[in-house]
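**Student:** Data: target_12.tsv, TSV, C-alpha atoms and all ligand atoms.
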chain	number	residue	atom	x	y	z
A	1	MET	CA	-45.62	17.61	40.40
A	2	THR	CA	-42.92	19.01	38.19
A	3	TYR	CA	-39.24	18.64	39.00
A	4	GLU	CA	-36.99	21.63	39.43
A	5	GLU	CA	-33.48	21.93	38.07
A	6	LYS	CA	-31.04	21.86	40.98
A	7	LYS	CA	-28.22	24.37	41.13
A	8	PHE	CA	-24.68	23.21	41.86
A	9	ILE	CA	-21.82	25.37	43.02
A	10	ILE	CA	-18.83	23.72	41.44
A	11	PRO	CA	-15.35	25.09	42.05
A	12	GLU	CA	-12.62	25.16	39.45
A	13	LEU	CA	-11.77	21.55	38.76
A	14	ASP	CA	-8.42	20.01	38.00
A	15	GLY	CA	-8.57	18.45	34.54
A	16	ILE	CA	-12.26	19.10	33.86
A	17	SER	CA	-12.74	22.53	32.32
A	18	ALA	CA	-15.33	25.08	33.38
A	19	LYS	CA	-16.64	25.03	29.82
A	20	SER	CA	-17.14	21.29	29.93
A	21	VAL	CA	-18.95	21.56	33.27
A	22	GLU	CA	-21.12	24.37	31.91
A	23	GLU	CA	-22.08	22.36	28.82
A	24	HIS	CA	-22.71	19.30	30.95
A	25	LEU	CA	-24.98	21.20	33.33
A	26	GLY	CA	-26.95	22.30	30.29
A	27	LEU	CA	-27.50	18.67	29.34
A	28	TYR	CA	-28.64	17.95	32.90
A	29	ALA	CA	-31.17	20.78	32.65
A	30	GLY	CA	-32.48	19.15	29.49
A	31	TYR	CA	-33.26	15.94	31.36
A	32	VAL	CA	-35.27	17.83	33.97
A	33	LYS	CA	-37.15	19.70	31.28
A	34	ASN	CA	-37.83	16.58	29.24
A	35	PHE	CA	-38.91	14.52	32.22
A	36	ASN	CA	-41.52	17.15	32.99
A	37	ALA	CA	-42.57	17.39	29.35
A	38	VAL	CA	-42.92	13.62	28.90
A	39	THR	CA	-44.89	13.36	32.14
A	40	ALA	CA	-47.27	16.11	31.11
A	41	LEU	CA	-47.77	14.77	27.59
A	42	ALA	CA	-48.33	11.17	28.70
A	43	GLY	CA	-50.89	12.36	31.24
A	44	LYS	CA	-52.71	14.43	28.64
A	45	LEU	CA	-52.79	11.61	26.09
A	46	MET	CA	-54.13	9.16	28.68
A	47	LYS	CA	-56.81	11.58	29.72
A	48	ASP	CA	-57.81	12.52	26.18
A	49	ASP	CA	-58.12	9.02	24.75
A	50	ALA	CA	-56.49	6.18	26.71
A	51	ALA	CA	-57.28	3.50	24.12
A	52	GLY	CA	-56.53	5.58	21.05
A	53	ASN	CA	-53.26	6.89	22.44
A	54	ALA	CA	-52.10	3.61	24.00
A	55	LEU	CA	-49.10	3.17	21.70
A	56	ALA	CA	-47.91	6.74	22.08
A	57	VAL	CA	-48.32	6.56	25.85
A	58	ALA	CA	-46.39	3.28	25.98
A	59	GLU	CA	-43.43	4.83	24.20
A	60	LEU	CA	-43.56	7.92	26.38
A	61	MET	CA	-43.57	5.81	29.54
A	62	ARG	CA	-40.50	3.93	28.31
A	63	ARG	CA	-38.87	7.24	27.54
A	64	ARG	CA	-39.78	8.72	30.90
A	65	SER	CA	-37.46	6.53	32.97
A	66	PHE	CA	-34.59	7.47	30.64
A	67	GLU	CA	-35.23	11.15	31.33
A	68	PHE	CA	-35.60	10.52	35.06
A	69	GLY	CA	-32.36	8.55	35.16
A	70	GLY	CA	-30.54	11.31	33.34
A	71	MET	CA	-31.89	13.87	35.76
A	72	ARG	CA	-31.17	12.00	38.97
A	73	LEU	CA	-27.79	10.50	38.01
A	74	HIS	CA	-26.47	13.92	37.04
A	75	GLU	CA	-27.60	15.25	40.42
A	76	TYR	CA	-25.54	12.53	42.11
A	77	TYR	CA	-22.66	13.31	39.77
A	78	PHE	CA	-22.43	17.09	40.14
A	79	ALA	CA	-22.94	17.00	43.91
A	80	GLN	CA	-19.69	15.00	44.13
A	81	PHE	CA	-17.69	18.03	42.95
A	82	GLU	CA	-19.22	20.60	45.28
A	83	ASP	CA	-16.84	22.06	47.88
A	84	GLY	CA	-13.88	20.67	45.97
A	85	ALA	CA	-11.83	17.52	46.41
A	86	LYS	CA	-11.93	16.06	49.91
A	87	PRO	CA	-10.21	12.91	51.14
A	88	LEU	CA	-11.86	9.94	52.79
A	89	THR	CA	-12.06	10.54	56.54
A	90	ASP	CA	-15.11	8.75	57.91
A	91	THR	CA	-13.96	5.61	59.63
A	92	SER	CA	-17.19	3.61	59.28
A	93	PHE	CA	-17.27	4.15	55.51
A	94	GLU	CA	-13.58	3.39	55.15
A	95	SER	CA	-13.92	0.33	57.39
A	96	ALA	CA	-16.82	-1.00	55.32
A	97	ILE	CA	-14.80	-0.56	52.11
A	98	LYS	CA	-11.72	-2.20	53.59
A	99	ALA	CA	-13.74	-5.09	55.01
A	100	GLN	CA	-14.93	-5.91	51.51
A	101	TYR	CA	-12.08	-4.74	49.28
A	102	GLY	CA	-9.01	-4.88	51.50
A	103	GLU	CA	-7.88	-1.44	50.33
A	104	VAL	CA	-9.83	1.60	49.14
A	105	GLU	CA	-7.71	1.61	45.98
A	106	ASN	CA	-9.13	-1.82	45.07
A	107	LEU	CA	-12.64	-0.38	45.09
A	108	ILE	CA	-11.50	2.61	43.04
A	109	GLN	CA	-9.88	0.22	40.56
A	110	GLU	CA	-13.17	-1.67	40.12
A	111	VAL	CA	-15.13	1.55	39.56
A	112	ARG	CA	-12.42	2.65	37.11
A	113	GLN	CA	-12.47	-0.64	35.24
A	114	VAL	CA	-16.26	-0.55	34.85
A	115	ALA	CA	-16.01	3.08	33.73
A	116	LEU	CA	-13.58	2.07	31.00
A	117	MET	CA	-15.92	-0.53	29.52
A	118	ARG	CA	-16.75	0.14	25.91
A	119	GLY	CA	-19.86	2.19	25.34
A	120	PRO	CA	-21.51	5.16	26.98
A	121	GLY	CA	-23.09	4.88	30.38
A	122	TRP	CA	-22.34	5.19	34.07
A	123	SER	CA	-20.04	3.38	36.45
A	124	ILE	CA	-21.97	3.31	39.70
A	125	LEU	CA	-21.15	2.24	43.23
A	126	TYR	CA	-24.21	0.99	45.08
A	127	TYR	CA	-24.65	-0.27	48.61
A	128	ASP	CA	-26.92	-3.19	49.37
A	129	PRO	CA	-28.21	-2.69	52.93
A	130	GLN	CA	-29.63	-6.23	53.03
A	131	ALA	CA	-26.39	-7.99	52.18
A	132	LYS	CA	-24.34	-5.18	53.75
A	133	GLN	CA	-22.03	-4.95	50.81
A	134	PHE	CA	-21.05	-2.65	47.99
A	135	LEU	CA	-21.79	-3.48	44.36
A	136	VAL	CA	-20.27	-1.79	41.33
A	137	GLY	CA	-22.48	-1.70	38.26
A	138	PHE	CA	-22.76	-0.25	34.78
A	139	SER	CA	-25.87	1.56	33.66
A	140	GLU	CA	-26.20	1.89	29.92
A	141	GLU	CA	-27.92	5.07	28.92
A	142	GLN	CA	-29.40	6.36	32.18
A	143	HIS	CA	-32.08	3.91	33.19
A	144	GLN	CA	-30.89	0.44	32.33
A	145	GLY	CA	-28.61	-1.97	34.11
A	146	HIS	CA	-29.28	-0.71	37.62
A	147	PHE	CA	-29.42	-2.98	40.66
A	148	VAL	CA	-33.08	-2.62	41.55
A	149	ALA	CA	-33.73	-0.19	44.40
A	150	LEU	CA	-30.14	-0.14	45.66
A	151	PRO	CA	-29.05	3.30	46.85
A	152	ILE	CA	-26.21	4.99	45.03
A	153	ILE	CA	-22.96	5.99	46.73
A	154	LEU	CA	-20.97	7.16	43.68
A	155	ALA	CA	-22.02	7.97	40.12
A	156	LEU	CA	-19.37	8.37	37.44
A	157	ASP	CA	-20.65	9.63	34.09
A	158	VAL	CA	-18.77	8.08	31.19
A	159	TRP	CA	-20.86	9.32	28.33
A	160	GLU	CA	-18.64	10.97	25.74
A	161	HIS	CA	-20.10	14.38	26.47
A	162	ALA	CA	-18.41	14.22	29.87
A	163	PHE	CA	-14.90	14.18	28.39
A	164	LEU	CA	-15.02	14.98	24.68
A	165	LEU	CA	-14.37	18.69	25.07
A	166	ASP	CA	-11.32	18.28	27.33
A	167	TYR	CA	-9.80	15.03	26.13
A	168	GLY	CA	-11.25	14.06	22.75
A	169	ALA	CA	-13.09	10.89	21.80
A	170	GLN	CA	-10.30	8.64	23.09
A	171	GLY	CA	-9.76	10.49	26.34
A	172	LYS	CA	-12.00	8.57	28.68
A	173	ALA	CA	-9.18	7.18	30.82
A	174	LYS	CA	-7.69	10.64	31.40
A	175	TYR	CA	-11.11	12.00	32.30
A	176	VAL	CA	-11.71	9.17	34.77
A	177	GLU	CA	-8.45	10.05	36.50
A	178	ALA	CA	-9.52	13.70	36.64
A	179	PHE	CA	-12.85	12.65	38.11
A	180	PHE	CA	-11.18	10.88	41.03
A	181	LYS	CA	-8.78	13.80	41.49
A	182	ASN	CA	-11.71	16.15	42.07
A	183	LEU	CA	-13.95	13.81	44.02
A	184	ASN	CA	-15.34	15.03	47.34
A	185	TRP	CA	-15.32	11.84	49.39
A	186	GLY	CA	-17.25	13.67	52.09
A	187	VAL	CA	-20.32	13.54	49.86
A	188	LEU	CA	-19.92	9.78	49.50
A	189	GLU	CA	-19.47	9.41	53.25
A	190	ALA	CA	-22.69	11.33	53.88
A	191	ARG	CA	-24.52	9.08	51.43
A	192	PHE	CA	-23.15	5.99	53.13
A	193	ALA	CA	-24.06	7.35	56.57
A	194	SER	CA	-27.66	7.80	55.44
A	195	MET	CA	-28.00	4.17	54.35
A	196	PRO	CA	-30.25	1.93	56.43
A	197	ARG	CA	-27.91	-0.50	58.21
B	1	FE	FE	-23.70	13.43	31.52
In structure tokens, write the structure found in this file.

**Tutor:**
Amino acid sequence: MTYEEKKFIIPELDGISAKSVEEHLGLYAGYVKNFNAVTALAGKLMKDDAAGNALAVAELMRRRSFEFGGMRLHEYYFAQFEDGAKPLTDTSFESAIKAQYGEVENLIQEVRQVALMRGPGWSILYYDPQAKQFLVGFSEEQHQGHFVALPIILALDVWEHAFLLDYGAQGKAKYVEAFFKNLNWGVLEARFASMPR
């Protein structure tokens, strides 16, 4: 089965230009396209000559999760801007955050701090339904560093392509502030509501 590029209706954002969003959506489309291409090629090579193509297939399979991560993380990311900025309103989500972090701002600060780590990647808020707690993590590239199988509540892209156009190579902190300014917390609430608890 091939994956389809999802379409996102993103309003004018405050501090993240339409041009930057457009370029970024183009990169997302590339991940979808490459995931499908890697999948097809690996399948063909295995079918043609599994033993003879073993090394090529191994590298493709390593590459495949990178492409998948890039595809899926960007889908989490862009969905967070749809319908524009919305405040936190859901009491169960807010209660769960406050039970663990005291204040919502403390959680935001942790996500921000992880986002400002050196190097490209993603600052990600996960929820662990077993332990009933949130975890903030950093995924280098797209596929590494994840907490295995934990569902994602928030995905903040901090690759340079996310902010270079608007803020320059040293503008990550300003971009992170713009990200939170435009965040639709309703999307996060819906994700949290769908978690098994
Ligand atoms: Fe990105």

**Student:** Please tell me which residues are no farther than 8 Å from (-19.8, 16.5, 27.3) in the file, counting all atoms listed in the file, and write them as a VMD selection string.

**Tutor:** chain A and resid 20 to 21 23 to 24 159 to 165

**Student:** Neighbouring residues of ligand FE 1 (chain B) are defined here as those with any atom at most 9 Å from a ligand atom, counting all atoms listed in the file; list them as an MDAnalysis selection string.

**Tutor:** chainID A and resid 24:25 27:28 70 73:74 77 121:122 156:162

**Student:** Find the distance between atom CA of Gly69 of chain A and atom CA of Tyr31 of chain A and write it in Å to one decimal.

**Tutor:** 8.4 Å

**Student:** Do a neighbour search on segment 45-48 of chain A at 12 Å with only C-alpha atoms, toss out local chain neighbours closer than 4 positions, and write the hits as a PyMOL selection string.

**Tutor:** chain A and resi 38-41+52-61

**Student:** Residues at most 10 Å from segment 96-109 of chain A, counting all atoms listed in the file, excluding those fewer than 2 positions away in the same chain, as a PyMOL selection string?

**Tutor:** chain A and resi 88+91-94+111-115+125+132-136+180+192

**Student:** For each of A:Leu183, A:Ala42, A:Ala190, A:Leu150, take the minimum atom-to-atom distance to Lys86 of chain A, counting all atoms listed in the file, then give the residue where this is smallest.

**Tutor:**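 Residue with the minimum atom-to-atom distance to Lys86 of chain A: A:Leu183.
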
**Student:** Have a look at atom CA of Phe147 of chain A and atom CA of Tyr126 of chain A and let me know their distance in Å, one decimal.

**Tutor:**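 About the pair atom CA of Phe147 of chain A and atom CA of Tyr126 of chain A: they are 7.9 Å apart.
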
**Student:** Kindly give the distance, in Å, that separates atom CA of Ile124 of chain A and atom CA of Ala155 of chain A, rounded to a single decimal.

**Tutor:** 4.7 Å

**Student:** Between A:Met195, A:Val148, A:Ala173, A:Ile10, which one has atoms that come closest to Ala79 of chain A, using all atoms listed in the file?

**Tutor:**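 Checking each of A:Met195, A:Val148, A:Ala173, A:Ile10 against Ala79 of chain A, counting all atoms listed in the file, the winner is A:Ile10.
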
**Student:** From the list A:Gly171, A:Pro151, A:Arg62, A:Ser123, which residue is nearest Glu110 of chain A when using all atoms listed in the file?

**Tutor:**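 Result for the nearest residue to Glu110 of chain A: A:Ser123.
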
**Student:** Can you tell me, as JSON, numbers by chain, what residues are no more than 10 Å from Glu12 of chain A when counting only C-alpha atoms, ignoring any on the same chain fewer than 2 positions away?

**Tutor:** {"A": [9, 10, 14, 15, 16, 17, 18, 21, 81, 82, 83, 84, 182]}

**Student:** May I have the residues from that selection written out with C-alpha atoms, as a compact mmCIF listing (two decimals), keeping the file's coordinate frame?

**Tutor:**
# COMPACT_ATOMS: atom_id res chain seq x y z
CA ILE A 9 -21.82 25.37 43.02
CA ILE A 10 -18.83 23.72 41.44
CA ASP A 14 -8.42 20.01 38.00
CA GLY A 15 -8.57 18.45 34.54
CA ILE A 16 -12.26 19.10 33.86
CA SER A 17 -12.74 22.53 32.32
CA ALA A 18 -15.33 25.08 33.38
CA VAL A 21 -18.95 21.56 33.27
CA PHE A 81 -17.69 18.03 42.95
CA GLU A 82 -19.22 20.60 45.28
CA ASP A 83 -16.84 22.06 47.88
CA GLY A 84 -13.88 20.67 45.97
CA ASN A 182 -11.71 16.15 42.07

**Student:** Enclose segment 39-57 of chain A, meaning all of its atoms listed in the file, in a box aligned along x, y and z, pad it by 6 Å on each side, and list the centre and edge lengths in Å to one decimal, as JSON.

**Tutor:**
{"center_x": -51.5, "center_y": 9.6, "center_z": 26.6, "size_x": 25.2, "size_y": 24.9, "size_z": 23.1}
